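Working notes, beginning with the structure itself.
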Amino acid sequence: MSHQAAGSFRREDGTASVEMVAVVPFLLLAVLVAAQIGLAGQALWSAGIAARAGARAALIGGDAAAVARRALPDSMRDGAEVSDGEDVSVRVVVPRLLPAMPRLTVAATSDLGG
């Protein structure tokens, strides 16, 4: 390898490190956003399951709100709002990965078939 080629190789070695340092924060941000979207999806899925469970309980004369609340995962029960009437609605707070993130809620409704 010539002297000129070896010097060129050493200079490029440092730029790869700088590029990696510049890209890592964006990769971490993308992973956090994807994980937060996954948590929102899980919260919506759980709210739907809870609303259907509450509607089934209401159809057989049970306590729709209590059944819907029990159908939620423990981490979502505290901030959940359950309403029953002509249908059962469940609103839950999406768990946050970072406390600085905004508070998001999702809701699902299940009709009693009336």
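Just so we're on the same page: first chain in the structure tokens is A, next is B, and so on; residues restart at 1 for each chain, and ligands are numbered from 1 in the order they show up.
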
As number ranges by chain, please: the residues near Glu86 in chain A (cut-off 12 Å, only C-alpha atoms, same-chain neighbours under 6 positions excluded).
A: 54-55, 58-59, 64, 109-114

With only C-alpha atoms as the counted atoms, please give the residues lying no more than 10 Å from Ala35 in chain A, apart from itself and same-chain residues fewer than 5 positions off, as a count of residues only.
6

Closest of A:Leu28, A:Met20, A:Asp84, A:Ser46 to Gly62 in chain A - atom-to-atom distances counting only C-alpha atoms
A:Asp84

Run DSSP on the backbone and tell me which residues of chain A come out as strand (DSSP E or B); list them as a VMD selection string.
chain A and resid 81 to 84 87 to 93 105 to 111

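You will find CA of Glu81 in chain A at 11.0 Å from CA of Ala66 in chain A.
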
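Near Ala68 in chain A, within a cut-off of 8 Å and counting only C-alpha atoms, sit the residues Ala50, Ala51, Arg52, Ala53, Gly54, Val82 and Val90 of chain A, with same-chain residues fewer than 5 positions away left out.
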
Could those residues be written to a file, using N, CA and C atoms, as a PDB file, in the first residue's frame?
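Generated output (selection03.pdb):
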ATOM      1  N   ALA A  50     -61.868  -5.126  26.676  1.00  0.00           N
ATOM      2  CA  ALA A  50     -62.605  -4.779  27.887  1.00  0.00           C
ATOM      3  C   ALA A  50     -64.030  -4.336  27.559  1.00  0.00           C
ATOM      4  N   ALA A  51     -64.194  -3.560  26.493  1.00  0.00           N
ATOM      5  CA  ALA A  51     -65.536  -3.110  26.104  1.00  0.00           C
ATOM      6  C   ALA A  51     -66.409  -4.300  25.707  1.00  0.00           C
ATOM      7  N   ARG A  52     -65.851  -5.253  24.967  1.00  0.00           N
ATOM      8  CA  ARG A  52     -66.626  -6.444  24.584  1.00  0.00           C
ATOM      9  C   ARG A  52     -66.975  -7.297  25.796  1.00  0.00           C
ATOM     10  N   ALA A  53     -66.033  -7.427  26.729  1.00  0.00           N
ATOM     11  CA  ALA A  53     -66.312  -8.196  27.951  1.00  0.00           C
ATOM     12  C   ALA A  53     -67.425  -7.526  28.759  1.00  0.00           C
ATOM     13  N   GLY A  54     -67.373  -6.212  28.857  1.00  0.00           N
ATOM     14  CA  GLY A  54     -68.428  -5.485  29.563  1.00  0.00           C
ATOM     15  C   GLY A  54     -69.774  -5.624  28.880  1.00  0.00           C
ATOM     16  N   VAL A  82     -64.830   3.833  32.392  1.00  0.00           N
ATOM     17  CA  VAL A  82     -65.766   2.874  31.804  1.00  0.00           C
ATOM     18  C   VAL A  82     -67.168   3.435  31.958  1.00  0.00           C
ATOM     19  N   VAL A  90     -64.937   2.114  26.876  1.00  0.00           N
ATOM     20  CA  VAL A  90     -63.766   2.049  27.746  1.00  0.00           C
ATOM     21  C   VAL A  90     -62.724   3.009  27.190  1.00  0.00           C
TER      22      VAL A  90
END

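If you look at CA of Leu44 in chain A and CA of Arg77 in chain A, they are 13.2 Å away from each other.
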
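The coordinates place CA of Arg91 in chain A at 17.7 Å from CA of Ala57 in chain A.
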
Can you tell me, as a PyMOL selection string, which residues in chain A count as helix (DSSP H, G or I) by DSSP?
chain A and resi 3-59+64-71+74-77

Restricting the calculation to only C-alpha atoms: of A:Val67, A:Ala80, A:Leu98, A:Ile49, which residue gets closest to Gln36 in chain A?
A:Leu98

I want to know what sits within 6 Å of Ala108 in chain A, based on only C-alpha atoms, with residues of the same chain fewer than 2 positions away left out; could you give that as a PyMOL selection string?
chain A and resi 47-48+89-90

Keeping only all heavy atoms, write the selected residues to a file as a compact mmCIF listing (two decimals), in the first residue's frame.
# COMPACT_ATOMS: atom_id res chain seq x y z
N ALA A 47 -58.53 -1.96 25.38
CA ALA A 47 -59.79 -1.25 25.57
C ALA A 47 -60.92 -1.95 24.81
O ALA A 47 -62.04 -2.07 25.31
CB ALA A 47 -59.66 0.21 25.12
N GLY A 48 -60.62 -2.42 23.60
CA GLY A 48 -61.63 -3.14 22.82
C GLY A 48 -62.05 -4.44 23.48
O GLY A 48 -63.24 -4.78 23.54
N SER A 89 -68.43 1.68 26.82
CA SER A 89 -67.25 2.41 26.33
C SER A 89 -66.14 2.33 27.36
O SER A 89 -66.40 2.48 28.56
CB SER A 89 -67.59 3.87 26.08
OG SER A 89 -68.54 3.98 25.05
N VAL A 90 -64.94 2.11 26.88
CA VAL A 90 -63.77 2.05 27.75
C VAL A 90 -62.72 3.01 27.19
O VAL A 90 -62.38 2.94 26.01
CB VAL A 90 -63.19 0.61 27.81
CG1 VAL A 90 -61.95 0.58 28.68
CG2 VAL A 90 -64.24 -0.36 28.33

Identify, on the basis of only C-alpha atoms, every residue whose closest approach to Leu32 in chain A does not exceed 12 Å; exclude the query and any residue fewer than 5 positions from it along the same chain; express the result as a PyMOL selection string.
chain A and resi 25-27+37-39+96-98+101

For Gly85 in chain A, the nearest of the candidates A:Leu72, A:Val21, A:Ala65, A:Val106, counting only C-alpha atoms:
A:Ala65
